[in-house]
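Okay, so here's the structure we're looking at.
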Amino acid sequence: MISYQGIPIQDLIRIDACGNLLNAYSYPSIFASGGGSGGLAKQSDGKIVVALGRQTFRLNSDYNSIDTTFVSGYTDANTGLLGIETNSNDEIIIVGNFGTNWTTTAGTITYNSNMYKLNSSGIPDSSWNGKSLTWTSPASEPFDTSARKDYSGKIMIDGFEGINGNSSYKGVIRLNDDFSLDTTFQASGFGAYGGNTVFTCEPLLNGQYLIGGGFQNYSGYSNQDFLVRLNNDGTLDTTFDFGDYIGNQYVFDIQTQSTGKIVIADSGNNVIRLNNDGSVDTTFVSGSTTSLSVYNDTKVLLFPNDYLLIGGSRSEEHTSELQSPMYL
């Protein structure tokens with residue numbers, strides 16, 4: 001973003017419920033190049049850690065200003081920051097496609113690759129070293145990792161080929177509160193390059209997970225393509241059968257309504273709803289949009305009344321031309 005309501009801005013703003021501009025932040029642009037949008041993570045005191053493009057910074061709890069006590073850092077390679085989350089100690093994990101370099105005012109460190117643990121003030125934890133997210137697929141497959149908490153407070157990381165040199169853990173992993181690998185969860189059904197085409201992980205209240213992406217034949221099952229449901233230990237729930245009824249369409253986003261029905265957005269620009277067993281809900285008026293090309297840009301937001309907001313972009317090589325969102 002470069003302006004809002006005619007006012008020049010710098011990519012991050014705060015607005016009120018009516019859309020009026022409250023804050024246009026002037027943050028420490030220590031690396032001005034573009035990159036991913038890693039998102040926001042809240043700490044226990046209400047402060048917000050921002051992963052924007054290729055850098056981090058923090059907002060004060062009143063959201064009116066940048067917290068200058070936070071040690072901002074940046075990366076100078078590849079897509080940049082794609083995911084950020086905090087734990088119960090307000091420590092921070094950042095993930096993405098940024099190689100080994102992480103630079104702060106204290107200098108550049110290189111002991112991890114594509115993931116770093118920061119203390120609550122933004123300083124890299126040097127004891128958390130030798131960690132990596134591996135990426136080995138063809139350039140045609142995007143690095144689209146993300147981080148989010150499940151309902152137990154554990155952290156799900158998705159969209160990569162292997163972790164810490166171990167390709168047995170690919171596609172999606174679960175981290176404990178201290179960011180260590182939770183070995184009680186292992187999604188072992190992804191084949192070659194399968195981990196690279198996981199685009200979304202939706203935790204469910206019952207402890208299961210819906211995993212969407214471009215993978216096929218999960219665990220060797222010919223009917224387990226693009227969307228699977230995993231049990232709490234990562235094993236496949238074979239009672240869920242999405243099937244391949246739309247013809248090789250990647251699943252980009254998932255939302256679960258209060259009824260348990262599942263809304264997905266796919267690479268064919270379709271928005272459809274599934275029953276709890278993965279079959280198509282024919283009572284939902286499915287729709288589709290047109291686009292120049294779509295990769296993993298379509299997103300669905302669920303409202304408390306189960307209404308849906310659908311947004312995205314049409315793009316060539318991820319150069320976005322934003323389209324108006326749809327409200328269903």
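Quick note on naming: the chains in the structure tokens go A, B, ... in the order shown, residues restart at 1 in each chain, and ligands are numbered from 1 in order of appearance.
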| request: Identify, on the basis of only C-alpha atoms, every residue whose closest approach to range 102-118 of chain A does not exceed 9 Å; exclude the query and any residue fewer than 2 positions from it along the same chain; express the result as number ranges by chain. | output: A: 71-76, 80-81, 91-100, 120-126, 128-134, 179
Grab the residues selected above and save them as a short mmCIF file (atom, residue, chain, number, x, y, z; two decimals), in the first residue's frame with C-alpha atoms.
```
data_model
loop_
_atom_site.label_atom_id
_atom_site.label_comp_id
_atom_site.auth_asym_id
_atom_site.auth_seq_id
_atom_site.Cartn_x
_atom_site.Cartn_y
_atom_site.Cartn_z
CA VAL A 71 15.02 -4.91 18.35
CA SER A 72 13.84 -4.93 14.74
CA GLY A 73 15.49 -7.37 12.38
CA TYR A 74 15.46 -8.08 8.67
CA THR A 75 16.41 -10.55 5.98
CA ASP A 76 17.78 -9.66 2.57
CA GLY A 80 10.98 -12.97 3.08
CA LEU A 81 8.82 -13.49 6.17
CA GLU A 91 9.00 -15.46 22.60
CA ILE A 92 8.63 -15.19 18.85
CA ILE A 93 9.10 -17.62 15.98
CA ILE A 94 9.46 -16.36 12.42
CA VAL A 95 9.36 -18.61 9.37
CA GLY A 96 9.58 -18.02 5.64
CA ASN A 97 11.83 -18.19 2.62
CA PHE A 98 14.76 -16.02 3.70
CA GLY A 99 17.77 -18.29 3.89
CA THR A 100 20.24 -18.00 6.74
CA SER A 120 10.29 -11.22 23.66
CA SER A 121 12.27 -8.11 22.71
CA GLY A 122 13.24 -9.30 19.23
CA ILE A 123 16.78 -10.50 19.95
CA PRO A 124 17.67 -13.83 18.24
CA ASP A 125 18.10 -16.76 20.62
CA SER A 126 21.61 -18.08 19.88
CA TRP A 128 18.18 -22.20 19.34
CA ASN A 129 20.60 -22.93 16.53
CA GLY A 130 20.90 -25.46 13.73
CA LYS A 131 17.21 -25.22 12.85
CA SER A 132 16.03 -25.15 9.25
CA LEU A 133 13.03 -25.41 6.98
CA THR A 134 14.09 -27.16 3.78
CA PHE A 179 9.10 -24.20 19.70
#
```
Report the closest atom pair, with its distance in Å rounded to one decimal, for each residue of range 26-144 of chain A that has an atom no farther than 9 Å from range 4-15 of chain A; count only C-alpha atoms, sort by chain and then rising residue number, and write it as a tab-separated table.
```
residue	atom	partner	partner_atom	distance
A:Ser26	CA	A:Gln10	CA	6.5
A:Tyr27	CA	A:Gln10	CA	7.9
A:Leu52	CA	A:Asp11	CA	8.4
A:Tyr63	CA	A:Arg14	CA	8.0
A:Asn64	CA	A:Arg14	CA	8.8
```
Would you export the selected residues with N, CA, C and O atoms as a PDB file, in the first residue's frame, please?
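Output file out.pdb follows:
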```pdb
ATOM      1  N   SER A  26       4.839   5.035  10.732  1.00  0.00           N
ATOM      2  CA  SER A  26       6.156   5.261  10.154  1.00  0.00           C
ATOM      3  C   SER A  26       7.115   4.365  10.917  1.00  0.00           C
ATOM      4  O   SER A  26       7.615   4.710  11.979  1.00  0.00           O
ATOM      5  N   TYR A  27       7.331   3.184  10.380  1.00  0.00           N
ATOM      6  CA  TYR A  27       8.106   2.187  11.091  1.00  0.00           C
ATOM      7  C   TYR A  27       9.557   2.200  10.608  1.00  0.00           C
ATOM      8  O   TYR A  27       9.864   2.794   9.570  1.00  0.00           O
ATOM      9  N   LEU A  52       6.548  -7.872   8.326  1.00  0.00           N
ATOM     10  CA  LEU A  52       6.101  -7.178   7.126  1.00  0.00           C
ATOM     11  C   LEU A  52       7.220  -7.168   6.103  1.00  0.00           C
ATOM     12  O   LEU A  52       8.311  -6.649   6.365  1.00  0.00           O
ATOM     13  N   TYR A  63      -1.473   0.834  20.295  1.00  0.00           N
ATOM     14  CA  TYR A  63      -1.466   0.806  18.831  1.00  0.00           C
ATOM     15  C   TYR A  63      -1.220   2.169  18.194  1.00  0.00           C
ATOM     16  O   TYR A  63      -1.355   2.320  16.980  1.00  0.00           O
ATOM     17  N   ASN A  64      -0.861   3.141  18.992  1.00  0.00           N
ATOM     18  CA  ASN A  64      -0.678   4.493  18.453  1.00  0.00           C
ATOM     19  C   ASN A  64       0.746   4.756  17.978  1.00  0.00           C
ATOM     20  O   ASN A  64       0.982   5.759  17.303  1.00  0.00           O
TER      21      ASN A  64
END
```
| message | Quick one: residues within 10 Å of range 283-286 of chain A, only C-alpha atoms, excluding same-chain residues fewer than 4 positions away - as a ChimeraX atom specification? | response | /A:263,270-274
| query | Out of A:Leu204, A:Leu22, A:Ala41, A:Ile254, which residue has the shortest atom-to-atom distance to Phe226 in chain A when counting only C-alpha atoms? | reply |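 Using only C-alpha atoms, Phe226 in chain A sits closest to A:Ile254.
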Within 12 Å of Asp182 in chain A, counting only C-alpha atoms, which residues qualify if same-chain residues fewer than 4 places away don't, as an mmCIF file with all heavy atoms, in the first residue's frame?
```
data_model
loop_
_atom_site.group_PDB
_atom_site.id
_atom_site.type_symbol
_atom_site.label_atom_id
_atom_site.label_comp_id
_atom_site.auth_asym_id
_atom_site.auth_seq_id
_atom_site.Cartn_x
_atom_site.Cartn_y
_atom_site.Cartn_z
ATOM 1 N N LYS A 154 -0.587 -25.254 20.788
ATOM 2 C CA LYS A 154 0.591 -25.657 20.034
ATOM 3 C C LYS A 154 0.596 -24.957 18.676
ATOM 4 O O LYS A 154 -0.432 -24.470 18.212
ATOM 5 C CB LYS A 154 0.639 -27.171 19.889
ATOM 6 C CG LYS A 154 0.862 -27.875 21.238
ATOM 7 C CD LYS A 154 1.163 -29.351 21.086
ATOM 8 C CE LYS A 154 1.492 -29.978 22.433
ATOM 9 N NZ LYS A 154 1.866 -31.410 22.303
ATOM 10 N N ILE A 155 1.754 -24.922 18.045
ATOM 11 C CA ILE A 155 1.955 -24.088 16.852
ATOM 12 C C ILE A 155 2.136 -24.979 15.632
ATOM 13 O O ILE A 155 3.008 -25.855 15.608
ATOM 14 C CB ILE A 155 3.171 -23.170 17.038
ATOM 15 C CG1 ILE A 155 2.921 -22.237 18.231
ATOM 16 C CG2 ILE A 155 3.451 -22.366 15.769
ATOM 17 C CD1 ILE A 155 4.146 -21.528 18.734
ATOM 18 N N MET A 156 1.304 -24.748 14.630
ATOM 19 C CA MET A 156 1.366 -25.503 13.387
ATOM 20 C C MET A 156 2.160 -24.705 12.357
ATOM 21 O O MET A 156 1.905 -23.527 12.137
ATOM 22 C CB MET A 156 -0.046 -25.780 12.858
ATOM 23 C CG MET A 156 -0.994 -26.408 13.862
ATOM 24 S SD MET A 156 -0.388 -27.980 14.541
ATOM 25 C CE MET A 156 -0.373 -29.013 13.062
ATOM 26 N N ILE A 157 3.136 -25.356 11.744
ATOM 27 C CA ILE A 157 3.925 -24.780 10.659
ATOM 28 C C ILE A 157 3.636 -25.608 9.410
ATOM 29 O O ILE A 157 3.725 -26.837 9.442
ATOM 30 C CB ILE A 157 5.436 -24.817 10.958
ATOM 31 C CG1 ILE A 157 5.745 -24.198 12.329
ATOM 32 C CG2 ILE A 157 6.223 -24.122 9.858
ATOM 33 C CD1 ILE A 157 5.556 -22.726 12.404
ATOM 34 N N ILE A 163 12.267 -30.470 7.836
ATOM 35 C CA ILE A 163 12.697 -29.624 8.950
ATOM 36 C C ILE A 163 13.936 -30.229 9.573
ATOM 37 O O ILE A 163 14.016 -31.452 9.793
ATOM 38 C CB ILE A 163 11.574 -29.454 10.009
ATOM 39 C CG1 ILE A 163 12.059 -28.544 11.157
ATOM 40 C CG2 ILE A 163 11.089 -30.795 10.538
ATOM 41 C CD1 ILE A 163 10.978 -28.135 12.122
ATOM 42 N N TYR A 169 9.474 -35.401 8.306
ATOM 43 C CA TYR A 169 8.527 -34.375 8.735
ATOM 44 C C TYR A 169 8.432 -33.356 7.615
ATOM 45 O O TYR A 169 9.340 -32.545 7.422
ATOM 46 C CB TYR A 169 8.996 -33.708 10.027
ATOM 47 C CG TYR A 169 8.928 -34.599 11.235
ATOM 48 C CD1 TYR A 169 9.997 -35.433 11.580
ATOM 49 C CD2 TYR A 169 7.802 -34.629 12.045
ATOM 50 C CE1 TYR A 169 9.944 -36.266 12.686
ATOM 51 C CE2 TYR A 169 7.736 -35.456 13.163
ATOM 52 C CZ TYR A 169 8.801 -36.270 13.473
ATOM 53 O OH TYR A 169 8.738 -37.077 14.579
ATOM 54 N N VAL A 172 3.528 -30.348 6.993
ATOM 55 C CA VAL A 172 3.000 -29.688 8.186
ATOM 56 C C VAL A 172 3.607 -30.356 9.414
ATOM 57 O O VAL A 172 3.746 -31.580 9.471
ATOM 58 C CB VAL A 172 1.452 -29.743 8.219
ATOM 59 C CG1 VAL A 172 0.946 -31.187 8.208
ATOM 60 C CG2 VAL A 172 0.894 -28.983 9.405
ATOM 61 N N ILE A 173 4.010 -29.531 10.387
ATOM 62 C CA ILE A 173 4.534 -30.030 11.657
ATOM 63 C C ILE A 173 3.835 -29.303 12.790
ATOM 64 O O ILE A 173 3.149 -28.301 12.597
ATOM 65 C CB ILE A 173 6.050 -29.801 11.783
ATOM 66 C CG1 ILE A 173 6.385 -28.315 11.619
ATOM 67 C CG2 ILE A 173 6.823 -30.673 10.811
ATOM 68 C CD1 ILE A 173 7.820 -27.971 11.967
ATOM 69 N N ARG A 174 4.015 -29.843 13.992
ATOM 70 C CA ARG A 174 3.474 -29.185 15.185
ATOM 71 C C ARG A 174 4.622 -28.932 16.151
ATOM 72 O O ARG A 174 5.456 -29.806 16.393
ATOM 73 C CB ARG A 174 2.402 -30.061 15.830
ATOM 74 C CG ARG A 174 1.650 -29.375 16.968
ATOM 75 C CD ARG A 174 0.425 -30.193 17.365
ATOM 76 N NE ARG A 174 0.795 -31.488 17.933
ATOM 77 C CZ ARG A 174 -0.072 -32.507 18.053
ATOM 78 N NH1 ARG A 174 -1.316 -32.381 17.646
ATOM 79 N NH2 ARG A 174 0.331 -33.642 18.585
ATOM 80 N N LEU A 175 4.666 -27.715 16.681
ATOM 81 C CA LEU A 175 5.690 -27.335 17.648
ATOM 82 C C LEU A 175 5.089 -27.236 19.034
ATOM 83 O O LEU A 175 3.935 -26.811 19.203
ATOM 84 C CB LEU A 175 6.321 -25.995 17.265
ATOM 85 C CG LEU A 175 6.946 -25.866 15.882
ATOM 86 C CD1 LEU A 175 7.582 -24.491 15.729
ATOM 87 C CD2 LEU A 175 7.969 -26.970 15.617
ATOM 88 N N ASN A 176 5.888 -27.599 20.037
ATOM 89 C CA ASN A 176 5.493 -27.383 21.426
ATOM 90 C C ASN A 176 5.596 -25.903 21.769
ATOM 91 O O ASN A 176 6.074 -25.086 20.979
ATOM 92 C CB ASN A 176 6.385 -28.213 22.354
ATOM 93 C CG ASN A 176 6.226 -29.694 22.119
ATOM 94 O OD1 ASN A 176 5.115 -30.216 22.135
ATOM 95 N ND2 ASN A 176 7.343 -30.383 21.892
ATOM 96 N N ASP A 177 5.187 -25.549 22.974
ATOM 97 C CA ASP A 177 5.182 -24.149 23.372
ATOM 98 C C ASP A 177 6.575 -23.536 23.359
ATOM 99 O O ASP A 177 6.723 -22.332 23.142
ATOM 100 C CB ASP A 177 4.553 -24.008 24.770
ATOM 101 C CG ASP A 177 4.418 -22.561 25.198
ATOM 102 O OD1 ASP A 177 3.667 -21.813 24.536
ATOM 103 O OD2 ASP A 177 5.083 -22.167 26.184
ATOM 104 N N ASP A 178 7.611 -24.346 23.571
ATOM 105 C CA ASP A 178 8.979 -23.818 23.542
ATOM 106 C C ASP A 178 9.569 -23.840 22.127
ATOM 107 O O ASP A 178 10.763 -23.618 21.954
ATOM 108 C CB ASP A 178 9.880 -24.587 24.500
ATOM 109 C CG ASP A 178 10.015 -26.068 24.129
ATOM 110 O OD1 ASP A 178 9.353 -26.517 23.163
ATOM 111 O OD2 ASP A 178 10.772 -26.776 24.816
ATOM 112 N N GLN A 186 2.997 -36.531 13.449
ATOM 113 C CA GLN A 186 3.782 -36.690 12.229
ATOM 114 C C GLN A 186 2.850 -36.966 11.060
ATOM 115 O O GLN A 186 2.188 -37.998 11.003
ATOM 116 C CB GLN A 186 4.803 -37.807 12.348
ATOM 117 C CG GLN A 186 5.714 -37.899 11.123
ATOM 118 C CD GLN A 186 6.814 -38.922 11.274
ATOM 119 O OE1 GLN A 186 6.898 -39.610 12.277
ATOM 120 N NE2 GLN A 186 7.666 -39.030 10.269
ATOM 121 N N ALA A 187 2.803 -36.012 10.133
ATOM 122 C CA ALA A 187 2.036 -36.180 8.903
ATOM 123 C C ALA A 187 2.962 -36.801 7.874
ATOM 124 O O ALA A 187 3.697 -36.104 7.176
ATOM 125 C CB ALA A 187 1.506 -34.830 8.425
ATOM 126 N N ASN A 232 -5.210 -36.156 15.561
ATOM 127 C CA ASN A 232 -4.347 -35.345 16.405
ATOM 128 C C ASN A 232 -2.901 -35.806 16.403
ATOM 129 O O ASN A 232 -1.996 -35.016 16.694
ATOM 130 C CB ASN A 232 -4.876 -35.317 17.839
ATOM 131 C CG ASN A 232 -4.175 -34.300 18.698
ATOM 132 O OD1 ASN A 232 -3.324 -34.634 19.509
ATOM 133 N ND2 ASN A 232 -4.508 -33.035 18.522
ATOM 134 N N ASP A 233 -2.644 -37.057 16.050
ATOM 135 C CA ASP A 233 -1.267 -37.551 15.977
ATOM 136 C C ASP A 233 -0.698 -37.484 14.564
ATOM 137 O O ASP A 233 0.422 -37.926 14.322
ATOM 138 C CB ASP A 233 -1.176 -38.982 16.507
ATOM 139 C CG ASP A 233 -2.017 -39.969 15.704
ATOM 140 O OD1 ASP A 233 -2.716 -39.539 14.755
ATOM 141 O OD2 ASP A 233 -1.981 -41.173 16.037
ATOM 142 N N GLY A 234 -1.467 -36.938 13.619
ATOM 143 C CA GLY A 234 -1.005 -36.794 12.250
ATOM 144 C C GLY A 234 -1.412 -37.917 11.322
ATOM 145 O O GLY A 234 -1.169 -37.841 10.113
#
```
| query | range 67-267 of chain A: which residues are strand (DSSP E or B) by DSSP, as a PyMOL selection string? | reply | chain A and resi 74+80-86+92-97+102-104+107-109+113+115-118+124+132-134+146-149+155-158+162-163+166+172-175+181+198-203+209-213+227-230+236+251-256+262-266
